[in-house]
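Colleague: Sharing protein-v1.tsv below, TSV, C-alpha atoms:
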```
chain	number	residue	atom	x	y	z
C	1	MET	CA	86.39	105.37	100.08
C	2	THR	CA	87.18	105.71	103.75
C	3	TYR	CA	86.26	103.04	106.22
C	4	LEU	CA	87.30	105.10	109.24
C	5	THR	CA	85.40	107.82	111.01
C	6	PRO	CA	86.11	109.97	114.07
C	7	VAL	CA	82.42	110.50	114.78
C	8	PRO	CA	79.58	108.21	115.92
C	9	ILE	CA	78.62	105.68	113.28
C	10	SER	CA	75.26	106.06	111.57
C	11	HIS	CA	73.96	102.57	110.99
C	12	ASP	CA	71.00	104.04	109.13
C	13	ALA	CA	73.45	105.45	106.59
C	14	LEU	CA	75.19	102.08	106.28
C	15	LEU	CA	71.86	100.30	105.77
C	16	ALA	CA	70.99	102.81	103.08
C	17	GLU	CA	74.29	102.09	101.34
C	18	VAL	CA	73.54	98.39	100.98
C	19	SER	CA	69.80	98.66	100.39
C	20	SER	CA	68.58	97.03	97.18
C	21	THR	CA	65.28	95.63	96.00
C	22	ALA	CA	67.24	92.58	94.83
C	23	CYS	CA	68.17	91.77	98.43
C	24	GLY	CA	65.75	89.95	100.69
C	25	GLY	CA	67.98	89.70	103.77
C	26	THR	CA	70.03	92.31	105.57
C	27	CYS	CA	72.34	91.86	108.57
C	28	LEU	CA	73.66	94.68	110.70
C	29	PHE	CA	76.48	93.94	113.15
C	30	LEU	CA	77.42	96.53	115.75
C	31	GLY	CA	80.47	96.08	117.94
C	32	THR	CA	80.09	98.21	121.06
C	33	VAL	CA	82.42	99.18	123.87
C	34	ARG	CA	81.66	96.90	126.79
C	35	ASP	CA	81.82	97.44	130.53
C	36	GLY	CA	80.69	94.09	131.84
C	37	PRO	CA	81.59	92.28	135.07
C	38	ASP	CA	85.04	91.36	133.69
C	39	GLU	CA	85.94	94.84	132.50
C	40	HIS	CA	86.42	96.43	135.93
C	41	GLY	CA	84.98	99.84	135.18
C	42	VAL	CA	85.85	100.55	131.56
C	43	THR	CA	84.50	104.01	130.85
C	44	ALA	CA	85.75	104.20	127.27
C	45	ILE	CA	88.17	102.71	124.79
C	46	GLU	CA	90.67	104.77	122.86
C	47	TYR	CA	91.06	103.38	119.33
C	48	SER	CA	94.06	104.12	117.13
C	49	ALA	CA	95.08	102.76	113.76
C	50	PHE	CA	97.64	102.54	111.00
C	51	GLU	CA	95.18	104.45	108.88
C	52	GLU	CA	96.72	104.02	105.42
C	53	MET	CA	96.98	100.29	105.91
C	54	VAL	CA	93.46	100.07	107.35
C	55	GLU	CA	92.07	101.59	104.18
C	56	ALA	CA	94.12	99.29	101.95
C	57	GLU	CA	93.36	96.18	103.98
C	58	PHE	CA	89.63	96.92	104.18
C	59	ALA	CA	89.57	97.21	100.38
C	60	ARG	CA	91.30	93.82	100.08
C	61	LEU	CA	89.02	92.27	102.71
C	62	LEU	CA	85.85	93.46	100.97
C	63	ALA	CA	87.22	92.23	97.63
C	64	ASP	CA	87.71	88.83	99.25
C	65	ALA	CA	84.12	88.93	100.55
C	66	ALA	CA	82.82	89.94	97.13
C	67	GLY	CA	84.61	86.95	95.65
C	68	ARG	CA	82.87	84.61	98.07
C	69	TRP	CA	79.44	86.26	98.06
C	70	PRO	CA	79.24	88.11	94.73
C	71	GLN	CA	75.63	89.15	95.19
C	72	ALA	CA	76.14	90.58	98.67
C	73	ARG	CA	76.28	94.32	99.21
C	74	ILE	CA	78.58	95.21	102.11
C	75	ALA	CA	79.31	98.46	103.95
C	76	VAL	CA	81.58	98.88	106.96
C	77	ARG	CA	82.80	101.69	109.20
C	78	HIS	CA	85.22	101.62	112.12
C	79	ARG	CA	85.29	104.54	114.51
C	80	LEU	CA	88.57	105.88	115.94
C	81	GLY	CA	89.30	108.06	118.95
C	82	THR	CA	87.82	107.78	122.42
C	83	ILE	CA	84.55	105.85	122.37
C	84	PRO	CA	82.43	105.74	125.54
C	85	SER	CA	81.04	102.46	126.86
C	86	GLY	CA	77.85	101.51	125.08
C	87	GLU	CA	78.70	103.22	121.80
C	88	ALA	CA	79.60	101.39	118.60
C	89	SER	CA	83.20	101.06	117.47
C	90	ILE	CA	82.34	99.16	114.30
C	91	ALA	CA	79.29	98.64	112.14
C	92	ILE	CA	78.93	96.16	109.30
C	93	ALA	CA	75.87	96.05	107.06
C	94	VAL	CA	75.36	93.24	104.57
C	95	ALA	CA	72.42	92.85	102.24
C	96	ALA	CA	72.05	89.77	100.07
C	97	PRO	CA	69.35	88.05	98.07
C	98	HIS	CA	68.91	85.46	100.83
C	99	ARG	CA	69.51	85.54	104.58
C	100	ALA	CA	72.15	82.81	104.68
C	101	GLU	CA	74.54	84.81	102.50
C	102	ALA	CA	73.91	87.95	104.54
C	103	PHE	CA	74.69	86.21	107.84
C	104	GLU	CA	77.73	84.40	106.47
C	105	ALA	CA	79.26	87.45	104.81
C	106	CYS	CA	78.67	89.62	107.89
C	107	ARG	CA	80.36	87.03	110.13
C	108	PHE	CA	83.25	86.72	107.68
C	109	VAL	CA	83.86	90.47	107.68
C	110	ILE	CA	83.97	90.89	111.47
C	111	GLU	CA	86.21	87.84	111.93
C	112	GLU	CA	88.61	89.10	109.25
C	113	VAL	CA	88.62	92.58	110.79
C	114	LYS	CA	89.84	91.06	114.03
C	115	ARG	CA	92.55	89.15	112.20
C	116	ARG	CA	93.73	91.63	109.56
C	117	ILE	CA	92.85	95.25	110.21
C	118	PRO	CA	95.61	97.15	112.09
C	119	ILE	CA	93.60	98.88	114.79
C	120	TRP	CA	94.47	98.97	118.48
C	121	LYS	CA	92.57	99.81	121.61
C	122	LYS	CA	93.41	101.09	125.03
C	123	GLU	CA	90.87	100.61	127.80
C	124	LEU	CA	90.28	103.65	130.00
C	125	ARG	CA	88.92	102.87	133.45
C	126	VAL	CA	87.03	104.75	136.07
C	127	ASP	CA	90.06	104.59	138.41
C	128	GLY	CA	92.12	106.55	135.87
C	129	SER	CA	94.19	103.57	134.68
C	130	ALA	CA	94.67	102.67	131.03
C	131	THR	CA	95.57	99.31	129.48
C	132	TRP	CA	96.39	98.24	125.94
C	133	VAL	CA	94.21	95.32	124.93
C	134	ASP	CA	95.97	92.23	123.60
C	135	PRO	CA	93.38	89.79	122.22
C	136	SER	CA	96.02	87.06	122.11
C	137	GLY	CA	95.84	86.96	125.90
C	138	ARG	CA	99.47	87.84	126.47
C	139	PRO	CA	99.91	90.30	129.32
C	140	THR	CA	100.85	93.83	128.43
C	141	SER	CA	103.49	95.47	130.58
C	142	SER	CA	103.09	99.09	129.72
C	143	PRO	CA	101.51	101.28	130.93
C	144	PRO	CA	100.78	99.94	134.46
C	145	VAL	CA	98.31	97.10	134.53
C	146	PRO	CA	96.38	97.41	137.78
C	147	LEU	CA	93.64	94.91	137.23
C	148	SER	CA	93.38	92.18	134.62
C	149	ALA	CA	95.49	92.00	131.49
C	150	THR	CA	95.22	88.39	130.49
C	151	ARG	CA	91.75	88.26	129.07
C	152	ARG	CA	90.02	89.34	125.96
C	153	GLY	CA	88.64	92.64	126.80
C	154	GLY	CA	86.88	95.80	126.19
C	155	THR	CA	84.43	95.17	123.40
C	156	HIS	CA	82.12	92.54	122.07
C	157	ASP	CA	83.58	89.12	121.46
D	1	MET	CA	115.92	103.73	93.56
D	2	THR	CA	115.22	100.05	94.05
D	3	VAL	CA	118.01	97.72	94.95
D	4	THR	CA	117.16	94.07	94.69
D	5	GLY	CA	120.50	92.32	95.01
D	6	THR	CA	123.41	93.72	96.96
D	7	GLY	CA	124.25	97.08	98.49
D	8	THR	CA	122.59	98.94	101.31
D	9	ALA	CA	118.92	99.68	101.75
D	10	THR	CA	117.41	102.43	103.85
D	11	ILE	CA	114.17	101.31	105.42
D	12	ARG	CA	111.58	103.52	107.09
D	13	VAL	CA	110.25	101.76	110.17
D	14	ARG	CA	106.91	102.83	111.62
D	15	LEU	CA	105.68	102.03	115.11
D	16	PHE	CA	102.14	102.15	116.43
D	17	ALA	CA	100.14	102.06	119.64
D	18	ARG	CA	101.92	100.23	122.45
D	19	TYR	CA	105.10	99.78	120.41
D	20	ALA	CA	105.33	103.52	119.81
D	21	GLU	CA	104.92	104.08	123.55
D	22	LEU	CA	107.61	101.52	124.39
D	23	VAL	CA	110.15	102.98	121.97
D	24	GLY	CA	109.15	106.60	122.53
D	25	ARG	CA	108.86	107.37	118.82
D	26	THR	CA	106.60	106.59	115.89
D	27	GLU	CA	109.23	106.05	113.24
D	28	ALA	CA	112.90	105.46	112.57
D	29	ALA	CA	115.16	104.92	109.57
D	30	VAL	CA	117.55	101.98	109.56
D	31	SER	CA	120.13	100.81	107.03
D	32	VAL	CA	120.59	97.15	106.26
D	33	ALA	CA	122.94	95.31	103.94
D	34	LEU	CA	121.18	93.58	101.08
D	35	PRO	CA	119.86	91.03	100.67
D	36	ALA	CA	117.87	91.57	103.85
D	37	THR	CA	114.59	90.51	105.42
D	38	VAL	CA	112.05	92.17	107.68
D	39	GLY	CA	113.61	90.18	110.53
D	40	ASP	CA	116.97	91.82	109.74
D	41	VAL	CA	115.29	95.23	109.93
D	42	VAL	CA	113.82	94.38	113.35
D	43	ARG	CA	117.24	93.23	114.61
D	44	ARG	CA	118.92	96.38	113.29
D	45	LEU	CA	116.29	98.57	114.94
D	46	ARG	CA	116.81	96.78	118.25
D	47	ASP	CA	120.59	97.25	117.89
D	48	GLU	CA	120.45	100.93	116.99
D	49	VAL	CA	117.64	102.19	119.21
D	50	PRO	CA	118.07	101.11	122.84
D	51	GLN	CA	114.39	101.47	123.69
D	52	ALA	CA	113.50	99.18	120.80
D	53	ARG	CA	114.87	96.24	122.77
D	54	ALA	CA	111.55	96.35	124.62
D	55	LEU	CA	109.84	95.20	121.42
D	56	PRO	CA	109.24	91.51	120.81
D	57	GLU	CA	111.91	89.80	118.75
D	58	ARG	CA	109.26	88.53	116.35
D	59	PRO	CA	106.54	91.16	116.03
D	60	LEU	CA	103.74	91.18	113.51
D	61	ALA	CA	104.95	93.20	110.53
D	62	ALA	CA	103.83	94.80	107.29
D	63	VAL	CA	105.79	96.00	104.29
D	64	ASN	CA	104.25	98.74	102.17
D	65	LEU	CA	100.81	98.26	103.77
D	66	ARG	CA	100.67	94.45	103.52
D	67	GLN	CA	101.21	91.96	106.33
D	68	VAL	CA	104.25	89.79	105.71
D	69	LYS	CA	106.27	87.18	107.50
D	70	LEU	CA	109.58	88.12	109.02
D	71	ASP	CA	111.48	86.27	106.32
D	72	ALA	CA	110.05	88.53	103.60
D	73	ARG	CA	112.71	90.42	101.65
D	74	VAL	CA	112.99	94.21	101.85
D	75	GLN	CA	114.26	96.64	99.26
D	76	ASP	CA	115.62	100.15	99.43
D	77	GLY	CA	112.81	102.61	100.14
D	78	ASP	CA	110.46	100.07	101.66
D	79	GLU	CA	108.33	101.00	104.65
D	80	VAL	CA	108.23	98.40	107.39
D	81	ALA	CA	105.49	98.70	110.01
D	82	LEU	CA	105.73	96.83	113.29
D	83	LEU	CA	102.22	96.04	114.45
D	84	PRO	CA	101.17	95.24	118.03
D	85	PRO	CA	98.60	92.44	118.32
D	86	ILE	CA	95.62	93.56	116.28
D	87	ALA	CA	92.61	94.50	118.41
D	88	GLY	CA	90.13	96.15	116.10
D	89	GLY	CA	86.40	95.72	116.06
```
Please lay out the structure from this file as structure tokens.
Modeller:
Amino acid sequence: MTYLTPVPISHDALLAEVSSTACGGTCLFLGTVRDGPDEHGVTAIEYSAFEEMVEAEFARLLADAAGRWPQARIAVRHRLGTIPSGEASIAIAVAAPHRAEAFEACRFVIEEVKRRIPIWKKELRVDGSATWVDPSGRPTSSPPVPLSATRRGGTHD
Amino acid sequence: MTVTGTGTATIRVRLFARYAELVGRTEAAVSVALPATVGDVVRRLRDEVPQARALPERPLAAVNLRQVKLDARVQDGDEVALLPPIAGG
């Protein structure tokens, strides 16, 4: 199983993976590259990863989710490489017998991704600058930080 | 060979993303006297590779693909990864 892809994510394929007549509720979460008022012209984000650990940690994360929601069917993909604003970097599909489990499991997976999965992103801006994103809010010092470095940035929150 | 008590361990250190840019390389090998911790590996790296002093003294770390605390023990042949703040999703 690979949870990483270099190409655009097909959420139809993910939904097909989790589809089951035993499931009455399905959640699809898409995290997309954002260029809002606080992003100062983000044209794309370059994603990189410790790929071997990502695969191992995703397997552990989904095992944890299966322990909590044993009837949920979960599929996830994270895209790597340069992703233009507006396109999805991650997709999570969860189908479960009832909607509450589907919502809860989907929320669990994205929150754990942000805590556990070793993936990093560098914002690329229209002015040609590039900044590593540090969700902890600590400023990054390299490469040059021309605009704002002390915020959460770049994708969905 | 696995050494659990005394002796010297050779540890492969891997660097990613911003840390790889700061140090100018993606991996290094360091030797530490056993018993040793991940924190000892970080200190040895900072001693032996001048550019590694730009790394935080207490980075997030993983041993053999699992996140660990800096007081986790290392053994000969282990792979230690120093992870910048995780920003996936």
Colleague: Let me make sure I understand: among C:Ala65, C:Ile9, C:Val133, C:Val54, which one has the smallest atom-to-atom distance to Phe29 of chain C if we use only C-alpha atoms?
Modeller: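 Answer, going by the shortest atom-to-atom distance: C:Ile9.
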Colleague: Could you jot down the atom CA of Val32 of chain D to atom CA of Val63 of chain D separation for me, Å, one decimal place?
Modeller: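 Spanning atom CA of Val32 of chain D to atom CA of Val63 of chain D is a straight-line distance of 15.0 Å.
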Colleague: May I have the residues at most 10 Å from (82.0, 104.6, 106.6) in the file's coordinates, counting all atoms listed in the file, as a list in words?
Modeller: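 Residues lying no farther than 10 Å from the given point: Met1, Thr2, Tyr3, Leu4, Thr5, Ile9, Ser10, His11, Ala13, Leu14, Glu17, Ala75, Val76, Arg77, His78, Arg79, Ile90, Ala91 and Ile92 of chain C.
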Colleague: Suppose you want the space between atom CA of Ile11 of chain D and atom CA of Asp78 of chain D; what is it in Å?
Modeller: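 For atom CA of Ile11 of chain D relative to atom CA of Asp78 of chain D, the distance reads 5.4 Å.
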Colleague: Using all atoms listed in the file, find the residues of chain C whose closest atom to chain D is at most 6 Å away, then write them as an MDAnalysis selection string.
Modeller: chainID C and resid 53 90 114 118:120 134
Colleague: Using atom CA of Glu123 of chain C and atom CA of Gly24 of chain D as the two end points, give the distance in Å to one decimal.
Modeller: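 Computing it gives 19.9 Å between the two atoms.
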Colleague: Can you list, as a list in words, every protein, DNA or RNA residue that comes within 9 Å of Ala105 of chain C when you count all atoms listed in the file, leaving out same-chain residues fewer than 4 positions away?
Modeller: Ala65, Ala66, Arg68, Trp69, Ala72, Ile74, Val94, Ala96, Ala100, Glu101, Val109 and Ile110 of chain C
Colleague: Find, counting all atoms listed in the file, the residue in C:Gly81, C:Pro97, C:Gly128, C:Pro6 that gets nearest to Val18 of chain C.
Modeller: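 The closest residue to Val18 of chain C is C:Pro97.
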Colleague: Nearest residue to His98 of chain C out of C:Arg73, C:Arg115, C:Arg60, C:His40, using all atoms listed in the file?
Modeller: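 For His98 of chain C, the nearest of the candidates is C:Arg73.
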Colleague: Around the point (114.4, 93.8, 109.1), in the coordinates given by the file, pick out the residues reaching within 9 Å, counting only C-alpha atoms, and return them as a PyMOL selection string.
Modeller: chain D and resi 11+30+32+36-45+70-74+80
Colleague: Which residue, C:Val42, C:Ala16, C:Ile117, C:Leu62, has the smallest gap to Gly86 of chain C when you use only C-alpha atoms?
Modeller: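 For Gly86 of chain C, the nearest of the candidates is C:Val42.
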Colleague: Using only C-alpha atoms, find the one residue out of C:Cys27, C:Val126, C:Ala95, C:Ala63 that sits nearest to Ala44 of chain C.
Modeller: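 Once distances to Ala44 of chain C are computed over only C-alpha atoms, the minimum belongs to C:Val126.
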